[in-house]
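**Student:** Got a structure for you, questions after.
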Amino acid sequence: KAGGNATYALSGKSGLTGLNVGASYAHGPLFASLTSASKFSSVTLGVVYKVNDDISLASLTTHSGDKICDVGGVGGSYKASFGTIKAKYTGAGSVSAALVKEVAPKVTLTASGTASLSDFSTFKYGLGIAM
């Protein structure tokens with residue numbers, strides 16, 4: 001699948017003011033997407049790989065002339081017998097983890113925490129319920 005957009009100014013900044021494209025590819029357990037930004041000055045690559053029915057891995061990176069590879073995040077999820085465990089690392093230097101558990105039909109409880117790798121005193125936690 002592929003798509004794109006373009007903007008053209010008729011006054012002031014005349015001419016092509018924006019041009020971006022995006023594409024995705026899926027085959028078996030692999031899904032990848034590639035999008036451009038700011039007239040192709042950067043591209044973002046997202047990848048998800050489903051290892052098996054219980055484990056998925058994902059990453060998001062941005063590539064540009066200024067920075068060859070900027071890691072937006074790397075993470076994964078694991079479906080355990082007691083709930084789904086999700087964890088990620090962001091390129092900004094923080095780690096997050098969550099446990100998602102269906103406690104009743106259509107009622108989900110989520111416990112999560114986030115901290116900076118350089119300063120664990122920034123640890124934040126939360127509890128959420130969705131019905």
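Chain labels follow the order of the structure tokens: the first chain is A, the next B, and so on; residue numbering restarts at 1 in every chain, and ligands are counted from 1 in their shown order.
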Set the distance at 12 Å and use only C-alpha atoms: which residues neighbour Asp119 of chain A once local chain neighbours fewer than 3 positions away are removed? I'd like the list as a list in words.
**Tutor:** Gly93, Ser94, Val95, Thr114, Ala115, Ser116, Thr122, Phe123 and Lys124 of chain A
**Student:** Using only all heavy atoms, please write the residues we just selected to a file, as an mmCIF file, in the first residue's frame.
**Tutor:**
```cif
data_model
loop_
_atom_site.group_PDB
_atom_site.id
_atom_site.type_symbol
_atom_site.label_atom_id
_atom_site.label_comp_id
_atom_site.auth_asym_id
_atom_site.auth_seq_id
_atom_site.Cartn_x
_atom_site.Cartn_y
_atom_site.Cartn_z
ATOM 1 N N GLY A 93 15.593 8.099 26.268
ATOM 2 C CA GLY A 93 16.230 7.550 27.455
ATOM 3 C C GLY A 93 15.300 7.130 28.570
ATOM 4 O O GLY A 93 15.711 7.058 29.724
ATOM 5 N N SER A 94 14.055 6.818 28.250
ATOM 6 C CA SER A 94 13.158 6.334 29.296
ATOM 7 C C SER A 94 12.694 4.917 28.979
ATOM 8 O O SER A 94 12.709 4.481 27.832
ATOM 9 C CB SER A 94 11.949 7.266 29.460
ATOM 10 O OG SER A 94 11.129 7.225 28.313
ATOM 11 N N VAL A 95 12.310 4.220 30.027
ATOM 12 C CA VAL A 95 11.764 2.871 29.887
ATOM 13 C C VAL A 95 10.358 2.862 30.485
ATOM 14 O O VAL A 95 10.086 3.558 31.462
ATOM 15 C CB VAL A 95 12.645 1.804 30.574
ATOM 16 C CG1 VAL A 95 13.936 1.603 29.833
ATOM 17 C CG2 VAL A 95 12.899 2.151 32.015
ATOM 18 N N THR A 114 6.853 4.237 34.369
ATOM 19 C CA THR A 114 7.828 4.834 33.467
ATOM 20 C C THR A 114 8.913 5.504 34.278
ATOM 21 O O THR A 114 8.627 6.106 35.318
ATOM 22 C CB THR A 114 7.165 5.897 32.569
ATOM 23 O OG1 THR A 114 6.137 5.290 31.814
ATOM 24 C CG2 THR A 114 8.157 6.539 31.619
ATOM 25 N N ALA A 115 10.157 5.389 33.804
ATOM 26 C CA ALA A 115 11.270 6.064 34.470
ATOM 27 C C ALA A 115 12.352 6.397 33.458
ATOM 28 O O ALA A 115 12.495 5.726 32.440
ATOM 29 C CB ALA A 115 11.851 5.197 35.579
ATOM 30 N N SER A 116 13.117 7.425 33.776
ATOM 31 C CA SER A 116 14.280 7.771 32.979
ATOM 32 C C SER A 116 15.412 6.838 33.377
ATOM 33 O O SER A 116 15.610 6.566 34.559
ATOM 34 C CB SER A 116 14.686 9.221 33.248
ATOM 35 O OG SER A 116 15.948 9.479 32.695
ATOM 36 N N THR A 122 12.647 9.760 38.791
ATOM 37 C CA THR A 122 11.582 10.255 37.930
ATOM 38 C C THR A 122 10.478 9.216 37.738
ATOM 39 O O THR A 122 9.550 9.437 36.961
ATOM 40 C CB THR A 122 12.124 10.651 36.556
ATOM 41 O OG1 THR A 122 12.656 9.486 35.914
ATOM 42 C CG2 THR A 122 13.198 11.714 36.667
ATOM 43 N N PHE A 123 10.569 8.088 38.434
ATOM 44 C CA PHE A 123 9.606 6.995 38.269
ATOM 45 C C PHE A 123 8.185 7.488 38.492
ATOM 46 O O PHE A 123 7.868 8.142 39.477
ATOM 47 C CB PHE A 123 9.913 5.854 39.241
ATOM 48 C CG PHE A 123 8.942 4.710 39.146
ATOM 49 C CD1 PHE A 123 8.975 3.851 38.070
ATOM 50 C CD2 PHE A 123 8.000 4.505 40.133
ATOM 51 C CE1 PHE A 123 8.090 2.799 37.970
ATOM 52 C CE2 PHE A 123 7.092 3.461 40.049
ATOM 53 C CZ PHE A 123 7.137 2.599 38.962
ATOM 54 N N LYS A 124 7.324 7.174 37.525
ATOM 55 C CA LYS A 124 5.907 7.502 37.615
ATOM 56 C C LYS A 124 5.124 6.227 37.376
ATOM 57 O O LYS A 124 5.523 5.387 36.563
ATOM 58 C CB LYS A 124 5.518 8.545 36.571
ATOM 59 C CG LYS A 124 6.197 9.881 36.766
ATOM 60 C CD LYS A 124 5.815 10.842 35.660
ATOM 61 C CE LYS A 124 6.601 12.134 35.829
ATOM 62 N NZ LYS A 124 6.407 13.036 34.709
#
```
**Student:** Quick one: DSSP strand (DSSP E) residues in chain A, as a ChimeraX atom specification?
**Tutor:** /A:2-9,15-27,30-37,42-50,55-64,70-80,83-90,94-104,107-116,119-130
**Student:** So what do you get for atom CA of Tyr125 of chain A versus atom CA of Thr84 of chain A, distance-wise?
**Tutor:**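 Distance reported for this atom pair: 17.1 Å.
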**Student:** Of the candidates A:Val103, A:Ala111, A:Asp53, A:Ser96, which shows the shortest atom-to-atom distance to Ala80 of chain A, using only C-alpha atoms?
**Tutor:**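 Closest residue, counting only C-alpha atoms: A:Asp53.
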**Student:** List the spatial neighbours of Val48 of chain A as a list in words - criterion: any atom at most 8 Å away, only C-alpha atoms, same-chain residues fewer than 5 positions off excluded.
**Tutor:** Leu30, Phe31, Ala32, Ser56, Leu57, Ala58 and Ser59 of chain A
**Student:** Would you mind exporting all heavy atoms of the selected residues as a compact mmCIF listing (two decimals), in the first residue's frame?
**Tutor:**
```txt
# COMPACT_ATOMS: atom_id res chain seq x y z
N LEU A 30 5.63 -10.13 9.53
CA LEU A 30 6.32 -8.84 9.44
C LEU A 30 5.41 -7.76 8.87
O LEU A 30 4.72 -7.97 7.88
CB LEU A 30 7.55 -8.97 8.53
CG LEU A 30 8.36 -7.70 8.29
CD1 LEU A 30 9.08 -7.28 9.56
CD2 LEU A 30 9.35 -7.91 7.17
N PHE A 31 5.43 -6.59 9.52
CA PHE A 31 4.75 -5.41 9.00
C PHE A 31 5.74 -4.26 9.08
O PHE A 31 6.40 -4.07 10.10
CB PHE A 31 3.49 -5.06 9.81
CG PHE A 31 2.86 -3.77 9.36
CD1 PHE A 31 1.98 -3.76 8.29
CD2 PHE A 31 3.16 -2.58 9.98
CE1 PHE A 31 1.42 -2.57 7.85
CE2 PHE A 31 2.60 -1.38 9.55
CZ PHE A 31 1.73 -1.38 8.49
N ALA A 32 5.84 -3.48 8.01
CA ALA A 32 6.74 -2.33 8.00
C ALA A 32 6.04 -1.16 7.33
O ALA A 32 5.26 -1.34 6.40
CB ALA A 32 8.03 -2.66 7.26
N SER A 56 5.42 -10.19 20.41
CA SER A 56 5.57 -9.24 19.31
C SER A 56 6.68 -8.26 19.65
O SER A 56 6.82 -7.87 20.81
CB SER A 56 4.27 -8.46 19.07
OG SER A 56 3.27 -9.31 18.60
N LEU A 57 7.44 -7.85 18.64
CA LEU A 57 8.51 -6.87 18.80
C LEU A 57 8.27 -5.72 17.84
O LEU A 57 7.76 -5.93 16.74
CB LEU A 57 9.87 -7.51 18.50
CG LEU A 57 10.23 -8.74 19.33
CD1 LEU A 57 11.49 -9.39 18.78
CD2 LEU A 57 10.40 -8.37 20.78
N ALA A 58 8.63 -4.50 18.24
CA ALA A 58 8.39 -3.34 17.39
C ALA A 58 9.50 -2.31 17.55
O ALA A 58 10.17 -2.26 18.58
CB ALA A 58 7.05 -2.71 17.76
N SER A 59 9.67 -1.49 16.51
CA SER A 59 10.63 -0.39 16.58
C SER A 59 10.15 0.76 15.72
O SER A 59 9.39 0.57 14.77
CB SER A 59 12.02 -0.83 16.13
OG SER A 59 12.02 -1.08 14.74
```
**Student:** Please, what distance in Å, to one decimal, runs between atom CA of Thr7 of chain A and atom CA of Val47 of chain A?
**Tutor:**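 Between atom CA of Thr7 of chain A and atom CA of Val47 of chain A the gap is 28.0 Å.
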**Student:** Would you mind telling me which residue in A:Gly4, A:Pro29, A:Pro105, A:Gly113 lies nearest to Met131 of chain A when using only C-alpha atoms?
**Tutor:**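 Smallest distance to Met131 of chain A is found for A:Pro105.
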**Student:** For the atom pair atom CA of Phe120 of chain A and atom CA of Gly72 of chain A, what is the interatomic distance in Å to one decimal place?
**Tutor:** 20.2 Å
**Student:** Applying 10 Å and only C-alpha atoms, which residues near Glu102 of chain A remain after dropping the ones on its own chain fewer than 5 positions away? List them as an NGL selection string.
**Tutor:** :A and (82-84 or 107-110 or 129-131)
**Student:** Counting only C-alpha atoms, which residue out of A:Val100, A:Leu19, A:Ala9, A:Cys69 sits closest to Ser38 of chain A?
**Tutor:**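 Ranked by minimum distance to Ser38 of chain A, first place goes to A:Leu19.
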**Student:** Which neighbours of Thr61 of chain A fall inside 12 Å, counting only C-alpha atoms, when residues of the same chain fewer than 4 positions from it are skipped, and could you give them as a ChimeraX atom specification?
**Tutor:** /A:32-36,42-47,67-74,90-91
